[in-house]
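Structure below is work12.txt: compact mmCIF, C-alpha atoms.
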# COMPACT_ATOMS: atom_id res chain seq x y z
CA MET A 1 13.54 -160.00 137.32
CA ASP A 2 13.04 -161.94 134.10
CA VAL A 3 10.24 -160.20 132.18
CA ILE A 4 8.43 -161.40 129.06
CA VAL A 5 7.13 -158.61 126.81
CA ILE A 6 4.51 -159.76 124.30
CA GLY A 7 4.69 -157.59 121.19
CA GLY A 8 7.53 -156.10 119.16
CA GLY A 9 5.87 -152.91 117.98
CA ILE A 10 6.87 -149.48 119.26
CA THR A 11 5.14 -150.11 122.60
CA GLY A 12 6.81 -153.47 123.20
CA VAL A 13 10.27 -152.23 122.17
CA ALA A 14 9.94 -149.10 124.33
CA THR A 15 8.81 -151.25 127.27
CA ALA A 16 11.79 -153.56 126.82
CA TYR A 17 14.12 -150.55 126.78
CA GLN A 18 12.76 -149.09 130.03
CA LEU A 19 12.72 -152.44 131.81
CA ARG A 20 16.30 -153.15 130.78
CA ALA A 21 17.34 -149.65 131.90
CA ALA A 22 15.87 -150.53 135.30
CA GLY A 23 18.05 -153.64 135.47
CA HIS A 24 15.63 -156.37 134.41
CA ARG A 25 16.31 -159.14 131.91
CA VAL A 26 13.76 -159.08 129.10
CA CYS A 27 12.52 -161.43 126.40
CA VAL A 28 10.41 -159.82 123.67
CA VAL A 29 8.13 -162.19 121.75
CA GLU A 30 6.97 -160.93 118.34
CA ARG A 31 4.87 -162.82 115.80
CA HIS A 32 6.40 -161.07 112.78
CA ALA A 33 9.87 -161.75 111.40
CA THR A 34 11.22 -158.54 112.94
CA VAL A 35 10.04 -155.63 115.06
CA ALA A 36 7.81 -152.75 113.93
CA GLN A 37 5.96 -154.76 111.27
CA GLY A 38 2.38 -154.47 112.53
CA ALA A 39 0.51 -151.25 113.33
CA THR A 40 3.83 -149.49 114.00
CA TYR A 41 4.86 -149.91 110.36
CA GLY A 42 2.10 -147.68 108.98
CA HIS A 43 2.15 -144.95 111.59
CA SER A 44 1.40 -141.40 110.46
CA GLY A 45 4.60 -140.07 111.99
CA THR A 46 3.00 -137.82 114.63
CA VAL A 47 5.32 -138.09 117.63
CA LEU A 48 3.10 -136.70 120.40
CA PRO A 49 -0.53 -135.61 120.23
CA THR A 50 -1.83 -132.15 121.07
CA PRO A 51 -5.40 -131.39 122.18
CA LEU A 52 -6.15 -130.87 118.47
CA ASP A 53 -5.33 -134.39 117.31
CA VAL A 54 -6.11 -136.83 120.10
CA TRP A 55 -8.72 -139.32 118.93
CA PHE A 56 -11.52 -138.01 121.10
CA GLY A 57 -13.10 -134.63 121.77
CA PRO A 58 -15.41 -132.10 120.06
CA THR A 59 -13.96 -132.47 116.56
CA PHE A 60 -13.45 -136.25 116.55
CA MET A 61 -15.99 -138.11 114.43
CA GLU A 62 -18.03 -134.92 114.06
CA ASN A 63 -20.70 -135.67 111.46
CA ARG A 64 -19.33 -139.19 111.15
CA ARG A 65 -22.21 -140.20 108.90
CA THR A 66 -21.24 -137.63 106.26
CA ALA A 67 -18.27 -136.92 104.03
CA LYS A 68 -17.14 -134.37 106.61
CA SER A 69 -15.82 -137.12 108.83
CA GLY A 70 -12.51 -138.86 108.32
CA VAL A 71 -13.82 -142.05 109.93
CA VAL A 72 -15.73 -144.68 107.96
CA THR A 73 -18.32 -146.67 109.89
CA LYS A 74 -19.58 -149.99 108.59
CA ILE A 75 -23.32 -150.60 108.48
CA GLY A 76 -24.50 -153.49 110.62
CA PHE A 77 -22.59 -152.82 113.83
CA ASN A 78 -22.93 -155.24 116.67
CA SER A 79 -23.76 -153.96 120.15
CA GLY A 80 -20.08 -153.76 121.13
CA ALA A 81 -19.25 -151.35 118.32
CA ARG A 82 -22.34 -149.25 118.99
CA ASP A 83 -21.54 -149.01 122.70
CA PHE A 84 -17.95 -148.07 121.90
CA LEU A 85 -18.99 -145.18 119.66
CA LYS A 86 -21.63 -144.03 122.13
CA ARG A 87 -19.12 -143.89 125.01
CA LEU A 88 -16.54 -142.14 122.90
CA ALA A 89 -19.14 -139.57 121.84
CA THR A 90 -19.59 -138.43 125.45
CA LEU A 91 -16.11 -136.89 125.22
CA GLN A 92 -17.31 -134.54 122.48
CA GLU A 93 -18.75 -132.35 125.24
CA PRO A 94 -16.18 -129.61 125.94
CA ALA A 95 -16.18 -130.12 129.72
CA ALA A 96 -15.67 -133.88 129.44
CA PHE A 97 -12.97 -133.35 126.80
CA GLU A 98 -11.08 -130.88 128.99
CA GLU A 99 -11.28 -133.18 132.01
CA GLN A 100 -9.94 -136.17 130.07
CA MET A 101 -7.17 -134.12 128.44
CA GLY A 102 -6.18 -133.04 131.94
CA ARG A 103 -5.65 -136.69 132.82
CA LEU A 104 -3.81 -137.53 129.60
CA ARG A 105 -1.50 -134.53 129.45
CA PRO A 106 0.91 -135.67 132.21
CA LEU A 107 1.52 -138.90 130.28
CA ILE A 108 2.20 -136.88 127.12
CA GLU A 109 4.71 -134.68 128.96
CA LEU A 110 6.39 -137.67 130.61
CA SER A 111 6.64 -139.22 127.15
CA ARG A 112 8.22 -136.06 125.78
CA ASP A 113 10.89 -136.12 128.51
CA THR A 114 11.52 -139.85 128.17
CA LEU A 115 11.87 -139.68 124.40
CA ALA A 116 14.21 -136.69 124.66
CA ASP A 117 16.40 -138.63 127.09
CA ILE A 118 16.72 -141.55 124.65
CA GLU A 119 17.54 -139.20 121.76
CA THR A 120 20.20 -137.22 123.58
CA ARG A 121 21.74 -140.25 125.27
CA PHE A 122 22.28 -142.13 122.01
CA GLY A 123 22.16 -139.41 119.34
CA LEU A 124 19.48 -141.21 117.36
CA GLU A 125 18.38 -139.91 113.98
CA PHE A 126 15.02 -141.20 112.80
CA GLU A 127 13.94 -138.66 110.18
CA GLN A 128 12.64 -136.07 112.65
CA ARG A 129 10.95 -133.04 111.08
CA ASN A 130 9.89 -129.97 113.07
CA GLY A 131 6.77 -128.00 112.25
CA VAL A 132 3.16 -129.16 112.18
CA LEU A 133 0.29 -127.18 110.66
CA HIS A 134 -3.28 -128.17 111.54
CA VAL A 135 -5.79 -126.86 109.00
CA VAL A 136 -9.54 -126.44 109.49
CA ARG A 137 -12.07 -126.25 106.67
CA SER A 138 -15.22 -124.49 107.84
CA ALA A 139 -16.36 -121.90 110.36
CA HIS A 140 -18.37 -124.60 112.16
CA GLU A 141 -15.31 -126.87 112.45
CA TRP A 142 -13.24 -123.89 113.58
CA GLU A 143 -15.76 -123.29 116.35
CA LEU A 144 -15.43 -126.95 117.42
CA THR A 145 -11.67 -126.54 117.85
CA GLN A 146 -12.06 -123.79 120.44
CA PRO A 147 -11.97 -126.09 123.52
CA ALA A 148 -8.65 -127.49 122.24
CA LEU A 149 -7.31 -123.97 121.63
CA ASP A 150 -8.38 -122.98 125.14
CA LEU A 151 -6.35 -125.90 126.52
CA LEU A 152 -3.32 -124.98 124.44
CA ARG A 153 -3.39 -121.51 125.99
CA ARG A 154 -4.03 -122.85 129.49
CA TYR A 155 -1.16 -125.35 129.22
CA GLU A 156 1.05 -122.67 127.63
CA VAL A 157 1.82 -124.90 124.64
CA PRO A 158 3.71 -122.82 122.04
CA HIS A 159 1.46 -122.38 119.01
CA HIS A 160 0.22 -119.80 116.51
CA VAL A 161 -3.43 -119.39 115.47
CA LEU A 162 -3.47 -118.40 111.80
CA THR A 163 -5.92 -117.17 109.20
CA ALA A 164 -6.17 -119.02 105.90
CA ALA A 165 -3.96 -116.41 104.24
CA GLU A 166 -1.36 -116.76 107.00
CA CYS A 167 -1.41 -120.56 106.60
CA ALA A 168 -0.73 -120.21 102.88
CA ALA A 169 2.04 -117.68 103.52
CA LEU A 170 3.67 -120.03 106.02
CA GLU A 171 3.23 -123.19 103.93
CA HIS A 172 3.26 -122.43 100.20
CA SER A 173 1.70 -125.77 99.21
CA VAL A 174 -1.63 -124.95 100.91
CA PRO A 175 -4.00 -123.17 98.49
CA THR A 176 -6.30 -120.34 99.54
CA ASP A 177 -8.92 -121.27 96.92
CA PRO A 178 -11.34 -122.62 97.95
CA ASP A 179 -11.55 -120.69 101.19
CA PHE A 180 -10.96 -122.44 104.50
CA ALA A 181 -11.32 -121.30 108.09
CA GLY A 182 -7.70 -121.19 109.25
CA GLY A 183 -5.10 -123.24 111.04
CA VAL A 184 -2.86 -123.75 114.05
CA TYR A 185 0.91 -123.94 113.67
CA PHE A 186 3.16 -125.79 116.11
CA GLU A 187 6.74 -124.82 115.44
CA SER A 188 8.20 -127.23 118.01
CA GLU A 189 5.97 -130.27 117.45
CA ARG A 190 7.24 -132.81 114.95
CA THR A 191 6.84 -135.97 112.99
CA ALA A 192 9.35 -138.79 112.58
CA ASN A 193 9.78 -142.32 111.29
CA CYS A 194 8.24 -144.56 113.94
CA PRO A 195 9.35 -147.98 112.60
CA LEU A 196 12.89 -146.66 112.13
CA PHE A 197 12.96 -145.47 115.74
CA ALA A 198 11.74 -148.86 116.99
CA LYS A 199 14.44 -150.66 114.97
CA LEU A 200 17.16 -148.32 116.23
CA VAL A 201 16.11 -148.97 119.83
CA LYS A 202 16.13 -152.73 119.16
CA GLN A 203 19.65 -152.38 117.77
CA LEU A 204 20.72 -150.61 120.96
CA LEU A 205 19.23 -153.38 123.07
CA ASP A 206 20.94 -156.04 120.95
CA GLU A 207 24.30 -154.31 121.43
CA GLN A 208 23.91 -153.75 125.17
CA GLY A 209 22.67 -157.24 125.98
CA GLY A 210 20.11 -158.29 128.55
CA VAL A 211 17.25 -158.30 126.04
CA THR A 212 16.48 -161.17 123.67
CA PHE A 213 14.01 -161.09 120.79
CA GLN A 214 12.00 -164.16 119.85
CA THR A 215 10.68 -163.16 116.42
CA GLY A 216 8.39 -165.17 114.21
CA ARG A 217 6.73 -166.61 117.33
CA GLU A 218 3.10 -166.13 118.29
CA VAL A 219 1.88 -166.30 121.88
CA THR A 220 -1.22 -168.47 122.21
CA SER A 221 -1.82 -168.21 125.95
CA ILE A 222 -0.53 -166.77 129.21
CA ARG A 223 0.01 -168.53 132.52
CA VAL A 224 0.40 -166.71 135.83
CA ASP A 225 0.51 -168.14 139.34
CA ASN A 226 2.10 -167.30 142.67
CA GLN A 227 5.47 -168.68 141.64
CA ARG A 228 6.09 -167.80 138.00
CA ALA A 229 4.65 -166.41 134.79
CA ALA A 230 4.87 -168.05 131.39
CA VAL A 231 3.67 -167.82 127.79
CA GLU A 232 2.85 -170.65 125.43
CA LEU A 233 4.01 -170.26 121.84
CA ALA A 234 2.45 -171.60 118.67
CA PRO A 235 4.69 -174.01 116.72
CA ARG A 236 6.91 -172.38 114.13
CA THR A 237 5.67 -172.51 110.58
CA GLY A 238 7.18 -175.51 108.83
CA ASP A 239 7.93 -177.49 111.99
CA SER A 240 7.47 -181.20 111.54
CA SER A 241 4.62 -182.83 113.40
CA ARG A 242 7.20 -184.51 115.61
CA SER A 243 8.58 -181.19 116.81
CA ARG A 244 5.26 -179.36 117.07
CA GLU A 245 5.08 -179.56 120.84
CA VAL A 246 4.03 -176.50 122.79
CA ASP A 247 6.97 -174.21 123.51
CA VAL A 248 6.90 -172.36 126.82
CA ILE A 249 8.91 -169.32 127.93
CA ALA A 250 8.91 -168.71 131.67
CA GLY A 251 9.75 -165.59 133.65
CA ASP A 252 8.84 -163.61 136.71
CA ALA A 253 6.32 -161.30 135.05
CA ILE A 254 4.63 -160.54 131.73
CA VAL A 255 3.81 -157.29 129.96
CA VAL A 256 1.12 -157.57 127.28
CA ALA A 257 1.94 -154.98 124.60
CA ALA A 258 0.67 -156.75 121.51
CA GLY A 259 -1.78 -154.17 120.16
CA VAL A 260 -4.93 -155.80 118.84
CA GLY A 261 -3.43 -159.18 119.72
CA SER A 262 -3.61 -158.21 123.38
CA LEU A 263 -7.40 -158.58 123.52
CA PRO A 264 -7.78 -162.36 123.03
CA LEU A 265 -4.85 -163.09 125.35
CA LEU A 266 -6.39 -161.03 128.14
CA GLU A 267 -9.86 -162.45 127.49
CA GLN A 268 -8.50 -165.93 128.13
CA LEU A 269 -7.59 -164.72 131.62
CA GLY A 270 -11.00 -163.18 132.23
CA LEU A 271 -10.30 -159.55 131.38
CA ARG A 272 -12.70 -158.46 128.64
CA LEU A 273 -11.94 -154.95 127.51
CA PRO A 274 -14.18 -152.58 125.50
CA LEU A 275 -11.25 -151.39 123.39
CA HIS A 276 -12.06 -151.30 119.71
CA PRO A 277 -9.87 -151.92 116.68
CA LEU A 278 -9.65 -149.16 114.08
CA ARG A 279 -8.46 -150.22 110.66
CA MET A 280 -6.08 -147.43 109.65
CA HIS A 281 -4.88 -146.67 106.13
CA THR A 282 -1.74 -145.10 104.72
CA LEU A 283 -0.67 -144.09 101.22
CA ALA A 284 3.03 -143.80 100.42
CA ALA A 285 2.95 -141.62 97.32
CA PRO A 286 5.83 -140.56 95.06
CA VAL A 287 6.40 -136.83 94.71
CA ALA A 288 4.69 -135.45 91.59
CA HIS A 289 6.01 -131.88 91.60
CA GLU A 290 8.78 -130.95 94.00
CA GLU A 291 7.70 -127.30 94.14
CA CYS A 292 4.29 -128.39 95.51
CA VAL A 293 5.63 -130.54 98.36
CA PRO A 294 4.96 -129.08 101.85
CA HIS A 295 7.91 -128.02 103.97
CA MET A 296 6.16 -129.12 107.13
CA THR A 297 3.59 -131.70 108.15
CA VAL A 298 0.00 -130.76 107.29
CA ILE A 299 -2.86 -132.29 109.31
CA ASP A 300 -6.54 -132.08 108.50
CA ALA A 301 -7.61 -131.33 112.06
CA VAL A 302 -11.16 -132.69 111.83
CA LYS A 303 -10.61 -135.65 109.51
CA ARG A 304 -7.44 -136.66 111.41
CA ILE A 305 -5.48 -137.12 108.18
CA THR A 306 -1.74 -136.46 108.37
CA ILE A 307 0.39 -135.57 105.34
CA THR A 308 4.14 -135.55 105.80
CA ARG A 309 7.23 -136.00 103.70
CA MET A 310 9.48 -138.98 104.33
CA ASN A 311 12.51 -139.09 102.04
CA HIS A 312 11.29 -139.13 98.43
CA ARG A 313 7.69 -139.94 99.25
CA LEU A 314 4.70 -138.37 100.91
CA ARG A 315 2.99 -140.35 103.64
CA ILE A 316 -0.75 -139.73 103.89
CA ALA A 317 -2.25 -141.46 106.92
CA GLY A 318 -5.73 -141.70 108.40
CA GLY A 319 -8.84 -143.12 106.77
CA ALA A 320 -9.95 -145.03 109.86
CA VAL A 321 -12.63 -147.69 109.45
CA VAL A 322 -14.64 -148.82 112.47
CA GLN A 323 -15.81 -152.43 112.18
CA PRO A 324 -17.33 -154.94 114.56
CA ALA A 325 -14.45 -156.46 116.51
CA ASN A 326 -15.35 -159.98 115.40
CA LEU A 327 -14.61 -159.06 111.76
CA VAL A 328 -11.09 -157.70 112.16
CA ASN A 329 -9.47 -160.96 111.03
CA LYS A 330 -11.41 -160.88 107.77
CA PRO A 331 -10.62 -158.77 104.69
CA LEU A 332 -12.12 -155.32 104.92
CA GLY A 333 -13.95 -155.43 101.61
CA GLU A 334 -13.17 -153.60 98.41
CA ALA A 335 -15.84 -150.91 98.78
CA LEU A 336 -14.79 -149.89 102.30
CA THR A 337 -11.12 -149.91 101.35
CA ARG A 338 -11.84 -147.66 98.38
CA GLU A 339 -13.82 -145.30 100.60
CA ALA A 340 -11.02 -145.06 103.17
CA LEU A 341 -8.29 -144.52 100.58
CA ALA A 342 -10.46 -141.95 98.79
CA LEU A 343 -10.48 -139.89 101.99
CA LEU A 344 -6.68 -139.82 101.92
CA GLY A 345 -6.55 -138.93 98.24
CA GLN A 346 -9.11 -136.15 98.64
CA ALA A 347 -7.27 -134.64 101.61
CA THR A 348 -4.07 -134.61 99.57
CA HIS A 349 -5.86 -132.89 96.67
CA ASP A 350 -7.47 -130.35 99.02
CA TRP A 351 -4.42 -129.35 101.03
CA ILE A 352 -1.35 -129.97 98.85
CA PRO A 353 -2.61 -130.16 95.24
CA GLY A 354 -0.05 -131.32 92.72
CA ALA A 355 2.40 -132.66 95.30
CA ALA A 356 1.70 -136.40 95.23
CA LYS A 357 1.21 -139.06 92.56
CA ILE A 358 -1.79 -140.68 94.21
CA SER A 359 -2.30 -143.05 91.26
CA ALA A 360 1.14 -144.56 91.97
CA ALA A 361 0.80 -144.63 95.76
CA LEU A 362 1.40 -147.82 97.73
CA PRO A 363 -1.46 -148.52 100.17
CA TRP A 364 -1.11 -150.02 103.64
CA GLU A 365 -3.67 -150.93 106.24
CA GLY A 366 -3.34 -152.08 109.81
CA LEU A 367 -5.22 -152.26 113.10
CA LYS A 368 -4.83 -149.94 116.07
CA LEU A 369 -6.65 -150.12 119.38
CA LEU A 370 -8.64 -147.21 120.75
CA SER A 371 -10.33 -147.13 124.14
CA PRO A 372 -13.81 -145.66 124.65
CA ASP A 373 -12.37 -143.07 127.05
CA GLY A 374 -9.43 -142.12 124.84
CA MET A 375 -6.84 -143.26 127.41
CA PRO A 376 -4.35 -146.11 126.95
CA LEU A 377 -4.21 -149.09 129.30
CA VAL A 378 -1.03 -148.97 131.37
CA GLY A 379 -0.38 -150.89 134.57
CA ASN A 380 -0.99 -154.03 136.55
CA ALA A 381 -4.00 -156.24 135.76
CA LEU A 382 -5.65 -159.31 137.31
CA HIS A 383 -2.47 -160.69 138.88
CA PRO A 384 0.67 -159.20 140.48
CA ARG A 385 2.77 -160.76 137.69
CA LEU A 386 0.69 -159.44 134.78
CA PHE A 387 0.94 -155.96 133.26
CA VAL A 388 -0.64 -154.31 130.23
CA ASN A 389 0.65 -151.54 127.96
CA ALA A 390 -1.78 -151.13 125.05
CA GLY A 391 -4.54 -149.04 123.50
CA HIS A 392 -2.60 -145.87 122.67
CA GLY A 393 -4.71 -145.19 119.59
CA PRO A 394 -3.56 -143.78 116.26
CA SER A 395 -2.09 -140.46 117.47
CA GLY A 396 1.34 -140.11 118.92
CA TRP A 397 3.72 -143.03 119.04
CA GLY A 398 5.90 -141.16 121.53
CA MET A 399 3.37 -141.95 124.27
CA ALA A 400 4.67 -145.51 124.18
CA CYS A 401 7.93 -144.23 125.67
CA GLY A 402 6.16 -142.56 128.59
CA SER A 403 3.84 -145.47 129.29
CA ALA A 404 6.85 -147.80 129.21
CA LYS A 405 8.47 -145.65 131.90
CA VAL A 406 5.31 -145.97 134.01
CA ILE A 407 5.48 -149.76 133.66
CA ALA A 408 9.16 -149.82 134.70
CA ASP A 409 8.41 -147.65 137.75
CA LEU A 410 5.56 -149.93 138.79
CA PHE A 411 7.90 -152.94 138.51
CA ALA A 412 10.32 -151.17 140.84
CA GLY A 413 7.62 -150.37 143.36
CA ALA A 414 8.21 -146.67 142.72
CA THR A 415 5.55 -144.02 142.20
CA PRO A 416 5.39 -143.12 138.49
CA ASP A 417 6.00 -139.49 137.60
CA VAL A 418 2.35 -138.78 136.80
CA PRO A 419 -0.44 -137.57 139.13
CA PRO A 420 -2.60 -140.14 140.95
CA ASP A 421 -5.68 -139.30 138.85
CA THR A 422 -3.71 -139.96 135.65
CA LEU A 423 -2.43 -143.25 137.00
CA ALA A 424 -5.96 -144.25 138.00
CA ALA A 425 -7.29 -143.28 134.55
CA LEU A 426 -4.70 -145.58 132.93
CA ARG A 427 -5.60 -148.67 134.98
CA PRO A 428 -6.34 -151.65 132.70
CA GLU A 429 -9.09 -152.83 135.05
CA ARG A 430 -10.95 -149.49 135.13
CA PHE A 431 -13.67 -150.77 132.82
CA ARG A 432 -14.62 -153.45 135.36
CA ASP A 433 -15.41 -150.88 138.08

This entry written out as structure tokens:
Amino acid sequence: MDVIVIGGGITGVATAYQLRAAGHRVCVVERHATVAQGATYGHSGTVLPTPLDVWFGPTFMENRRTAKSGVVTKIGFNSGARDFLKRLATLQEPAAFEEQMGRLRPLIELSRDTLADIETRFGLEFEQRNGVLHVVRSAHEWELTQPALDLLRRYEVPHHVLTAAECAALEHSVPTDPDFAGGVYFESERTANCPLFAKLVKQLLDEQGGVTFQTGREVTSIRVDNQRAAVELAPRTGDSSRSREVDVIAGDAIVVAAGVGSLPLLEQLGLRLPLHPLRMHTLAAPVAHEECVPHMTVIDAVKRITITRMNHRLRIAGGAVVQPANLVNKPLGEALTREALALLGQATHDWIPGAAKISAALPWEGLKLLSPDGMPLVGNALHPRLFVNAGHGPSGWGMACGSAKVIADLFAGATPDVPPDTLAALRPERFRD
């Protein structure tokens, strides 16, 4: 088949890889000048999420109206944003959290296997670092993590529950004053450079052939009928008025993997989704004192702020801002940006004091989609020729590899290697039921 993949972030590139591996010809359409320039570019580095750092559950957005939360909410929400937060809050109940994690876990494990296959097959190096330490501030927050710890034990995920003193002994950069509740250490979990991985996979696809990349092109609409599928492209910047006719790329099927850009394209076809954009922030900070730099990745478990070393800089990621969806194309506003970046700076001061030159840090912000049930959208939608792979949220770019494998299996008419309840929970049309 000839397949058009809309989006050249990690999800689109991973989808192109799996479809090509299954024997399809693929055209990836990306609005930026190259791949991995949107939300992928500013990723925290977390490869796969654990029950402690998925973006739902008992600790997520706890006390979101106070400084204890790592999520900034903008006053004056519209009904869509309020409904989104209300639905997501239902997963703070331990039973609902455990049930949803049970559905998500098979996708995480499939992603782990799929990513490992790509790494071993091609010997890719993309700045992988083993060792992740989740730290928890207060006794109350520690109590909230217990459902996640119960799941780690039930799933037999290798981990170590540590006291504050044991955290400091393991990671010298973490201070014991002021006191904090403790932490959880994952020796085998890791972080890596997400945009580098996406570019390495693109390079593989370029060398192997069968996949073309149309960069600097924006899809304006999708056409699907019983015979073919096609996308319309906006004219290239700088085209003369004479040449500004609508360009069309035709194929047998389309996969929408364009992140936030997926929503308006699907709405044109009648699929309105309650996914919500989160404006994420990242600071790339120079090292201040080498002896203070952490040896492993440190994650503020409740505020969802990740601190990891990448080459000669520290990457501090998190600081999510929830806005009404109709404002995402407008500048965030200086006050909200300052508030989000202050969360990152404070987390760095709290957990690795003296390690980073925050005053010299380079800020980045970008949009990521989160669904109100915490699950991505993966599968067929509206028409036999239309598929969606989007909404993975801020945690774990490796899930894109597993969801891409699900898409490739569905194209082949094969049963994906996840349970039926997981596959049903991923359905893009589930919000219409």

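The gap separating CA of Cys27 (chain A) from CA of Thr212 (chain A) is 4.8 Å, in Å to one decimal.
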
List the spatial neighbours of region 332-336 of chain A as a compact mmCIF listing (two decimals) with C-alpha atoms, in the coordinates of the input - criterion: any atom at most 12 Å away, all atoms listed in the file, same-chain residues fewer than 4 positions off excluded.
# COMPACT_ATOMS: atom_id res chain seq x y z
CA VAL A 71 -13.82 -142.05 109.93
CA VAL A 72 -15.73 -144.68 107.96
CA THR A 73 -18.32 -146.67 109.89
CA LYS A 74 -19.58 -149.99 108.59
CA ILE A 75 -23.32 -150.60 108.48
CA LEU A 278 -9.65 -149.16 114.08
CA ARG A 279 -8.46 -150.22 110.66
CA MET A 280 -6.08 -147.43 109.65
CA HIS A 281 -4.88 -146.67 106.13
CA GLY A 319 -8.84 -143.12 106.77
CA ALA A 320 -9.95 -145.03 109.86
CA VAL A 321 -12.63 -147.69 109.45
CA VAL A 322 -14.64 -148.82 112.47
CA GLN A 323 -15.81 -152.43 112.18
CA PRO A 324 -17.33 -154.94 114.56
CA ALA A 325 -14.45 -156.46 116.51
CA ASN A 326 -15.35 -159.98 115.40
CA LEU A 327 -14.61 -159.06 111.76
CA VAL A 328 -11.09 -157.70 112.16
CA ALA A 340 -11.02 -145.06 103.17
CA LEU A 341 -8.29 -144.52 100.58
CA ALA A 342 -10.46 -141.95 98.79
CA LEU A 343 -10.48 -139.89 101.99
CA GLU A 365 -3.67 -150.93 106.24
CA GLY A 366 -3.34 -152.08 109.81
CA LEU A 367 -5.22 -152.26 113.10

Give one line per residue of region 147-232 of chain A that approaches region 396-408 of chain A to at most 12 Å, naming the two atoms of the closest pair and their distance in Å to one decimal, counting only C-alpha atoms; sort by chain then ascending residue number and deliver it as a tab-separated table.
residue	atom	partner	partner_atom	distance
A:Glu189	CA	A:Gly396	CA	11.0
A:Arg190	CA	A:Gly396	CA	10.2
A:Thr191	CA	A:Gly396	CA	9.1
A:Ala192	CA	A:Trp397	CA	9.6
A:Asn193	CA	A:Trp397	CA	9.9
A:Cys194	CA	A:Trp397	CA	7.0
A:Pro195	CA	A:Trp397	CA	9.9
A:Phe197	CA	A:Gly398	CA	10.1
A:Ala198	CA	A:Trp397	CA	10.1
A:Val201	CA	A:Cys401	CA	11.1

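The space between CA of His172 (chain A) and CA of Glu290 (chain A) spans 11.9 Å.
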
Give as a list of chain:residue names every residue, naming chains and numbers as the document does, that has an atom within 12 Å of (8.1, -147.7, 138.0), counting all atoms listed in the file.
A:Thr15, A:Gln18, A:Leu19, A:Ala21, A:Ala22, A:Gly23, A:Val378, A:Gly379, A:Asn380, A:Phe387, A:Gly402, A:Ser403, A:Ala404, A:Lys405, A:Val406, A:Ile407, A:Ala408, A:Asp409, A:Leu410, A:Phe411, A:Ala412, A:Gly413, A:Ala414, A:Thr415, A:Pro416, A:Asp417, A:Val418, A:Leu423

Who sits within 10 Å of Gly70 (chain A), only C-alpha atoms, same chain under 5 positions skipped, as a ChimeraX atom specification:
/A:60-65,300-305,318-321,340,343-344,347

List the neighbours of Val255 (chain A) out to 9 Å using all atoms listed in the file; skip same-chain residues closer than 2 positions along the sequence, and give me the result as a VMD selection string.
chain A and resid 3 to 7 12 15 253 257 379 to 380 385 to 389 407

I'd like the neighbourhood of Asp247 (chain A) as a PyMOL selection string, where a residue qualifies if any of its atoms comes within 9 Å (using all atoms listed in the file), though same-chain residues fewer than 3 positions away should be ignored.
chain A and resi 231-235+244

Test item: residues at most 7 Å from Leu362 (chain A), only C-alpha atoms, excluding those fewer than 5 positions along its chain, as a CSV table (one decimal) with C-alpha atoms, in the frame of the given file:
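Produced file result36.csv, reproduced below:
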chain,number,residue,atom,x,y,z
A,283,LEU,CA,-0.7,-144.1,101.2
A,284,ALA,CA,3.0,-143.8,100.4
A,285,ALA,CA,3.0,-141.6,97.3

Point-to-point distance in Å for CA of Pro294 (chain A) and CA of Arg137 (chain A):
17.9 Å

Keeping C-alpha atoms, write region 396-418 of chain A of the structure just shown out as a PDB file, in the first residue's frame.
ATOM      1  CA  GLY A 396       7.417   8.412  27.508  1.00  0.00           C
ATOM      2  CA  TRP A 397       8.288   8.903  23.879  1.00  0.00           C
ATOM      3  CA  GLY A 398       9.012   5.191  23.541  1.00  0.00           C
ATOM      4  CA  MET A 399       5.259   4.512  23.482  1.00  0.00           C
ATOM      5  CA  ALA A 400       5.260   5.921  19.962  1.00  0.00           C
ATOM      6  CA  CYS A 401       7.211   2.841  18.858  1.00  0.00           C
ATOM      7  CA  GLY A 402       4.646   0.454  20.323  1.00  0.00           C
ATOM      8  CA  SER A 403       1.637   2.341  19.007  1.00  0.00           C
ATOM      9  CA  ALA A 404       3.277   2.441  15.570  1.00  0.00           C
ATOM     10  CA  LYS A 405       3.539  -1.359  15.693  1.00  0.00           C
ATOM     11  CA  VAL A 406      -0.174  -1.552  16.524  1.00  0.00           C
ATOM     12  CA  ILE A 407      -0.948   0.617  13.485  1.00  0.00           C
ATOM     13  CA  ALA A 408       1.198  -1.580  11.208  1.00  0.00           C
ATOM     14  CA  ASP A 409      -0.529  -4.731  12.498  1.00  0.00           C
ATOM     15  CA  LEU A 410      -3.956  -3.224  11.876  1.00  0.00           C
ATOM     16  CA  PHE A 411      -2.900  -2.362   8.311  1.00  0.00           C
ATOM     17  CA  ALA A 412      -1.932  -6.000   7.803  1.00  0.00           C
ATOM     18  CA  GLY A 413      -5.223  -7.263   9.175  1.00  0.00           C
ATOM     19  CA  ALA A 414      -3.319  -8.935  12.008  1.00  0.00           C
ATOM     20  CA  THR A 415      -4.254  -8.878  15.685  1.00  0.00           C
ATOM     21  CA  PRO A 416      -1.930  -6.465  17.521  1.00  0.00           C
ATOM     22  CA  ASP A 417       0.108  -7.917  20.367  1.00  0.00           C
ATOM     23  CA  VAL A 418      -1.963  -6.252  23.081  1.00  0.00           C
TER      24      VAL A 418
END
